[in-house]
file query_26.cif (mmCIF, C-alpha atoms and all ligand atoms)
data_coords
loop_
_atom_site.label_atom_id
_atom_site.label_comp_id
_atom_site.auth_asym_id
_atom_site.auth_seq_id
_atom_site.Cartn_x
_atom_site.Cartn_y
_atom_site.Cartn_z
CA MET A 290 132.14 124.64 112.24
CA LYS A 291 131.70 125.10 115.93
CA GLN A 292 129.28 127.89 116.66
CA GLU A 293 129.58 130.52 119.38
CA SER A 294 126.42 129.18 121.04
CA ALA A 295 128.14 125.88 121.83
CA GLU A 296 130.89 127.70 123.76
CA VAL A 297 128.54 129.16 126.29
CA LEU A 298 126.69 125.97 127.12
CA ASN A 299 127.30 125.14 130.71
CA LEU A 300 127.55 121.41 130.11
CA ASP A 301 129.84 118.78 128.69
CA VAL A 302 129.26 119.30 124.96
CA GLN A 303 131.23 116.20 124.04
CA LYS A 304 129.03 114.04 126.24
CA LEU A 305 125.95 115.71 124.79
CA VAL A 306 127.14 114.99 121.24
CA GLU A 307 127.71 111.35 122.23
CA MET A 308 124.14 111.12 123.50
CA LEU A 309 122.81 112.77 120.35
CA ASN A 310 124.83 110.40 118.17
CA ALA A 311 123.52 107.36 120.04
CA ALA A 312 119.99 108.71 119.54
CA LEU A 313 120.75 109.25 115.83
CA CYS A 314 121.80 105.60 115.48
CA GLU A 315 118.66 104.50 117.32
CA GLU A 316 116.45 106.52 114.98
CA TRP A 317 117.95 104.93 111.87
CA LEU A 318 117.47 101.48 113.37
CA ALA A 319 113.91 102.38 114.39
CA TYR A 320 113.26 103.65 110.88
CA TYR A 321 114.40 100.39 109.34
CA GLN A 322 112.63 98.21 111.91
CA TYR A 323 109.29 99.94 111.23
CA TRP A 324 109.82 100.06 107.49
CA VAL A 325 110.84 96.44 106.99
CA GLY A 326 108.26 95.25 109.54
CA ALA A 327 105.51 97.11 107.68
CA HIS A 328 106.38 95.27 104.49
CA VAL A 329 106.51 91.77 105.95
CA ALA A 330 103.77 91.84 108.64
CA GLU A 331 101.00 89.26 108.41
CA GLY A 332 97.89 88.71 110.50
CA PRO A 333 94.87 90.59 111.83
CA MET A 334 94.59 94.28 110.89
CA ARG A 335 97.65 93.93 108.69
CA SER A 336 96.82 96.77 106.31
CA GLU A 337 96.00 99.32 109.05
CA VAL A 338 99.14 98.37 110.96
CA GLU A 339 101.23 98.51 107.78
CA SER A 340 100.23 102.06 106.88
CA GLU A 341 100.68 103.37 110.44
CA MET A 342 104.10 101.71 110.71
CA LEU A 343 105.19 103.42 107.51
CA VAL A 344 104.07 106.76 108.97
CA HIS A 345 106.07 106.01 112.12
CA ALA A 346 109.10 105.12 110.00
CA ASP A 347 108.91 108.56 108.36
CA GLU A 348 108.60 110.21 111.76
CA GLU A 349 111.71 108.37 113.03
CA LEU A 350 113.59 109.67 110.00
CA ALA A 351 112.37 113.19 110.81
CA HIS A 352 113.85 112.70 114.31
CA ALA A 353 117.16 111.69 112.74
CA ASN A 354 117.05 114.95 110.75
CA LYS A 355 116.57 117.04 113.88
CA LEU A 356 119.35 115.19 115.70
CA ILE A 357 121.95 115.54 112.95
CA ALA A 358 121.18 119.24 112.58
CA ARG A 359 121.79 119.78 116.31
CA ILE A 360 124.99 117.69 116.31
CA VAL A 361 126.40 119.82 113.49
CA GLN A 362 125.29 123.05 115.23
CA LEU A 363 127.16 121.96 118.34
CA GLY A 364 130.34 121.43 116.29
CA GLY A 365 130.14 117.67 116.66
CA THR A 366 130.73 114.97 114.07
CA PRO A 367 127.66 112.91 113.31
CA VAL A 368 128.02 109.15 113.03
CA LEU A 369 129.33 108.67 109.52
CA SER A 370 128.86 104.98 108.92
CA PRO A 371 126.02 102.48 109.40
CA ASP A 372 128.68 100.19 110.96
CA GLN A 373 128.28 102.31 114.06
CA TRP A 374 124.51 102.07 114.38
CA MET A 375 124.33 98.76 116.25
CA LYS A 376 127.42 99.59 118.32
CA LEU A 377 126.28 102.97 119.59
CA ALA A 378 122.53 102.38 119.92
CA ARG A 379 121.21 101.63 123.40
CA CYS A 380 117.83 100.70 121.91
CA LYS A 381 118.41 97.41 120.15
CA TYR A 382 117.32 96.52 116.66
CA GLU A 383 114.87 93.62 116.62
CA ALA A 384 114.61 91.91 113.25
CA PRO A 385 111.07 90.85 112.36
CA THR A 386 111.99 87.20 111.74
CA ASP A 387 108.53 86.22 113.04
CA VAL A 388 106.22 88.15 110.73
CA TYR A 389 103.06 87.74 112.83
CA VAL A 390 101.70 91.23 113.41
CA GLU A 391 101.43 90.93 117.20
CA THR A 392 105.09 89.91 117.48
CA ILE A 393 106.13 92.86 115.32
CA LEU A 394 104.01 95.24 117.41
CA GLU A 395 105.66 93.92 120.60
CA GLN A 396 109.12 94.53 119.12
CA ASN A 397 108.19 98.05 118.10
CA LEU A 398 106.68 98.71 121.53
CA ARG A 399 109.98 97.79 123.21
CA GLY A 400 111.72 100.14 120.79
CA GLU A 401 109.37 103.01 121.63
CA ARG A 402 109.80 102.51 125.37
CA CYS A 403 113.54 102.62 124.93
CA ALA A 404 113.21 105.78 122.80
CA ILE A 405 111.05 107.40 125.49
CA LYS A 406 113.81 106.74 128.01
CA ARG A 407 116.41 108.16 125.60
CA TYR A 408 114.58 111.49 125.16
CA ARG A 409 113.78 111.79 128.86
CA ASP A 410 117.51 111.39 129.56
CA LEU A 411 118.38 113.97 126.89
CA ALA A 412 115.76 116.40 128.23
CA ASP A 413 117.03 115.89 131.81
CA TYR A 414 120.66 116.41 130.78
CA THR A 415 119.96 119.65 128.94
CA ASP A 416 117.15 121.04 131.09
CA GLY A 417 117.90 124.64 131.98
CA VAL A 418 121.37 124.61 130.37
CA ASP A 419 120.78 124.03 126.65
CA TYR A 420 117.27 125.18 125.81
CA THR A 421 117.53 124.30 122.13
CA THR A 422 118.41 120.66 122.71
CA ALA A 423 115.98 120.39 125.63
CA LYS A 424 113.13 121.70 123.47
CA MET A 425 114.02 119.30 120.66
CA ALA A 426 114.20 116.35 123.08
CA VAL A 427 110.75 117.18 124.47
CA GLU A 428 109.29 117.50 120.97
CA ILE A 429 110.69 114.12 119.93
CA LEU A 430 109.56 112.63 123.26
CA GLU A 431 105.99 113.70 122.49
CA ASP A 432 106.16 111.84 119.15
CA GLU A 433 107.55 108.71 120.83
CA LEU A 434 104.75 108.76 123.41
CA GLU A 435 102.25 109.01 120.56
CA HIS A 436 103.93 106.06 118.81
CA GLU A 437 103.67 104.01 122.00
CA GLU A 438 99.98 104.89 122.32
CA ASP A 439 99.31 103.96 118.67
CA ILE A 440 100.88 100.52 119.20
CA LEU A 441 98.92 99.94 122.42
CA ALA A 442 95.71 100.86 120.58
CA PHE A 443 96.46 98.31 117.83
CA GLN A 444 97.16 95.67 120.48
CA ARG A 445 93.82 96.38 122.16
CA ASP A 446 92.01 96.27 118.80
CA ILE A 447 93.57 92.92 117.91
CA VAL A 448 92.65 91.45 121.32
CA SER A 449 89.02 92.51 120.94
CA LEU A 450 88.94 91.28 117.34
CA LYS A 451 90.12 87.86 118.52
CA ARG A 452 87.56 87.87 121.33
CA THR A 453 84.74 88.64 118.88
CA PHE A 454 85.95 85.87 116.60
CA ASP A 455 86.11 83.37 119.50
CA LYS A 456 82.48 84.17 120.40
CA MET A 457 81.39 83.68 116.77
CA ILE A 458 82.85 80.19 116.48
CA LYS A 459 81.51 78.97 119.85
FE FE B 1 112.08 108.49 117.02
FE FE B 2 109.01 106.27 117.69
MG MG B 3 101.12 107.38 114.73
#

call {"tool": "encode", "arguments": {"input": "query_26.cif", "output": "structure tokens"}}
result
Amino acid sequence: MKQESAEVLNLDVQKLVEMLNAALCEEWLAYYQYWVGAHVAEGPMRSEVESEMLVHADEELAHANKLIARIVQLGGTPVLSPDQWMKLARCKYEAPTDVYVETILEQNLRGERCAIKRYRDLADYTDGVDYTTAKMAVEILEDELEHEEDILAFQRDIVSLKRTFDKMIK
């Protein structure tokens, strides 16, 4: 049911719901990409990367929860079928067909950078006109920035691990 609060928003609610639905699709794809990647990854630091990727997967699902709650509050219809996920998502799903951990981290990094752009756009669109959505977008953005930083830290660790190993065998 459409709430009174949605009526007073001085913005295009339909466009906002479209953006929120696209973000919802992206979160489900991000969830699956992290989750499946965590289970198949192989290579240096596999077990550390695996557990952090599973944590990230849970956090993407928490984002999906926030998004669907806001869509319903705004009187919108959330995406009802997984058929729509690939069609509506701007951030593309990258299947971990190469299971080497560095390749998987690169794929997830691209996903996070796309997510960061998504929540900046949502925050910009709602800034000063829909405080609830703007606040939510900024909160999710902070998580996505943390995800990006976690991946970059793993990449640096793997590079220095390889460097140490190279020195040992010389
Ligand atoms: Fe997310
Ligand atoms: Fe993320
Ligand atoms: Mg993390």

call {"tool": "closest_residue", "arguments": {"input": "query_26.cif", "among": "A:Leu434, A:Leu343, A:Ala412, A:Leu363", "to": "ligand FE 1 (chain B)", "atoms": "only C-alpha atoms and all ligand atoms"}}
result
A:Leu434

call {"tool": "closest_atom_pairs", "arguments": {"input": "query_26.cif", "of": "chain A", "to": "ligand FE 1 (chain B)", "cutoff": "12 Å", "atoms": "all atoms listed in the file", "output": "JSON lines"}}
result
{"residue": "A:Ala311", "atom": "CA", "partner": "B:FE1", "partner_atom": "FE", "distance": 11.9}
{"residue": "A:Ala312", "atom": "CA", "partner": "B:FE1", "partner_atom": "FE", "distance": 8.3}
{"residue": "A:Leu313", "atom": "CA", "partner": "B:FE1", "partner_atom": "FE", "distance": 8.8}
{"residue": "A:Cys314", "atom": "CA", "partner": "B:FE1", "partner_atom": "FE", "distance": 10.3}
{"residue": "A:Glu315", "atom": "CA", "partner": "B:FE1", "partner_atom": "FE", "distance": 7.7}
{"residue": "A:Glu316", "atom": "CA", "partner": "B:FE1", "partner_atom": "FE", "distance": 5.2}
{"residue": "A:Trp317", "atom": "CA", "partner": "B:FE1", "partner_atom": "FE", "distance": 8.6}
{"residue": "A:Leu318", "atom": "CA", "partner": "B:FE1", "partner_atom": "FE", "distance": 9.6}
{"residue": "A:Ala319", "atom": "CA", "partner": "B:FE1", "partner_atom": "FE", "distance": 6.9}
{"residue": "A:Tyr320", "atom": "CA", "partner": "B:FE1", "partner_atom": "FE", "distance": 7.9}
{"residue": "A:Tyr321", "atom": "CA", "partner": "B:FE1", "partner_atom": "FE", "distance": 11.4}
{"residue": "A:Gln322", "atom": "CA", "partner": "B:FE1", "partner_atom": "FE", "distance": 11.5}
{"residue": "A:Tyr323", "atom": "CA", "partner": "B:FE1", "partner_atom": "FE", "distance": 10.7}
{"residue": "A:Val344", "atom": "CA", "partner": "B:FE1", "partner_atom": "FE", "distance": 11.5}
{"residue": "A:His345", "atom": "CA", "partner": "B:FE1", "partner_atom": "FE", "distance": 8.1}
{"residue": "A:Ala346", "atom": "CA", "partner": "B:FE1", "partner_atom": "FE", "distance": 8.3}
{"residue": "A:Asp347", "atom": "CA", "partner": "B:FE1", "partner_atom": "FE", "distance": 9.2}
{"residue": "A:Glu348", "atom": "CA", "partner": "B:FE1", "partner_atom": "FE", "distance": 6.5}
{"residue": "A:Glu349", "atom": "CA", "partner": "B:FE1", "partner_atom": "FE", "distance": 4.0}
{"residue": "A:Leu350", "atom": "CA", "partner": "B:FE1", "partner_atom": "FE", "distance": 7.3}
{"residue": "A:Ala351", "atom": "CA", "partner": "B:FE1", "partner_atom": "FE", "distance": 7.8}
{"residue": "A:His352", "atom": "CA", "partner": "B:FE1", "partner_atom": "FE", "distance": 5.3}
{"residue": "A:Ala353", "atom": "CA", "partner": "B:FE1", "partner_atom": "FE", "distance": 7.4}
{"residue": "A:Asn354", "atom": "CA", "partner": "B:FE1", "partner_atom": "FE", "distance": 10.3}
{"residue": "A:Lys355", "atom": "CA", "partner": "B:FE1", "partner_atom": "FE", "distance": 10.2}
{"residue": "A:Leu356", "atom": "CA", "partner": "B:FE1", "partner_atom": "FE", "distance": 10.0}
{"residue": "A:Cys380", "atom": "CA", "partner": "B:FE1", "partner_atom": "FE", "distance": 10.8}
{"residue": "A:Asn397", "atom": "CA", "partner": "B:FE1", "partner_atom": "FE", "distance": 11.2}
{"residue": "A:Gly400", "atom": "CA", "partner": "B:FE1", "partner_atom": "FE", "distance": 9.2}
{"residue": "A:Glu401", "atom": "CA", "partner": "B:FE1", "partner_atom": "FE", "distance": 7.7}
{"residue": "A:Arg402", "atom": "CA", "partner": "B:FE1", "partner_atom": "FE", "distance": 10.5}
{"residue": "A:Cys403", "atom": "CA", "partner": "B:FE1", "partner_atom": "FE", "distance": 10.0}
{"residue": "A:Ala404", "atom": "CA", "partner": "B:FE1", "partner_atom": "FE", "distance": 6.5}
{"residue": "A:Ile405", "atom": "CA", "partner": "B:FE1", "partner_atom": "FE", "distance": 8.6}
{"residue": "A:Lys406", "atom": "CA", "partner": "B:FE1", "partner_atom": "FE", "distance": 11.3}
{"residue": "A:Arg407", "atom": "CA", "partner": "B:FE1", "partner_atom": "FE", "distance": 9.6}
{"residue": "A:Tyr408", "atom": "CA", "partner": "B:FE1", "partner_atom": "FE", "distance": 9.0}
{"residue": "A:Met425", "atom": "CA", "partner": "B:FE1", "partner_atom": "FE", "distance": 11.6}
{"residue": "A:Ala426", "atom": "CA", "partner": "B:FE1", "partner_atom": "FE", "distance": 10.1}
{"residue": "A:Val427", "atom": "CA", "partner": "B:FE1", "partner_atom": "FE", "distance": 11.5}
{"residue": "A:Glu428", "atom": "CA", "partner": "B:FE1", "partner_atom": "FE", "distance": 10.2}
{"residue": "A:Ile429", "atom": "CA", "partner": "B:FE1", "partner_atom": "FE", "distance": 6.5}
{"residue": "A:Leu430", "atom": "CA", "partner": "B:FE1", "partner_atom": "FE", "distance": 7.9}
{"residue": "A:Glu431", "atom": "CA", "partner": "B:FE1", "partner_atom": "FE", "distance": 9.7}
{"residue": "A:Asp432", "atom": "CA", "partner": "B:FE1", "partner_atom": "FE", "distance": 7.1}
{"residue": "A:Glu433", "atom": "CA", "partner": "B:FE1", "partner_atom": "FE", "distance": 5.9}
{"residue": "A:Leu434", "atom": "CA", "partner": "B:FE1", "partner_atom": "FE", "distance": 9.7}
{"residue": "A:Glu435", "atom": "CA", "partner": "B:FE1", "partner_atom": "FE", "distance": 10.5}
{"residue": "A:His436", "atom": "CA", "partner": "B:FE1", "partner_atom": "FE", "distance": 8.7}
{"residue": "A:Glu437", "atom": "CA", "partner": "B:FE1", "partner_atom": "FE", "distance": 10.8}

call {"tool": "closest_residue", "arguments": {"input": "query_26.cif", "among": "A:Val361, A:Met342, A:Met457, A:Leu441", "to": "ligand FE 2 (chain B)", "atoms": "all atoms listed in the file"}}
result
A:Met342

call {"tool": "atom_distance", "arguments": {"input": "query_26.cif", "atom1": "CA of Leu298 (chain A)", "atom2": "CA of Leu377 (chain A)"}}
result
24.2 Å

call {"tool": "closest_residue", "arguments": {"input": "query_26.cif", "among": "A:Ala327, A:Leu305, A:Ile357, A:Ile440", "to": "ligand MG 3 (chain B)", "atoms": "all atoms listed in the file"}}
result
A:Ile440
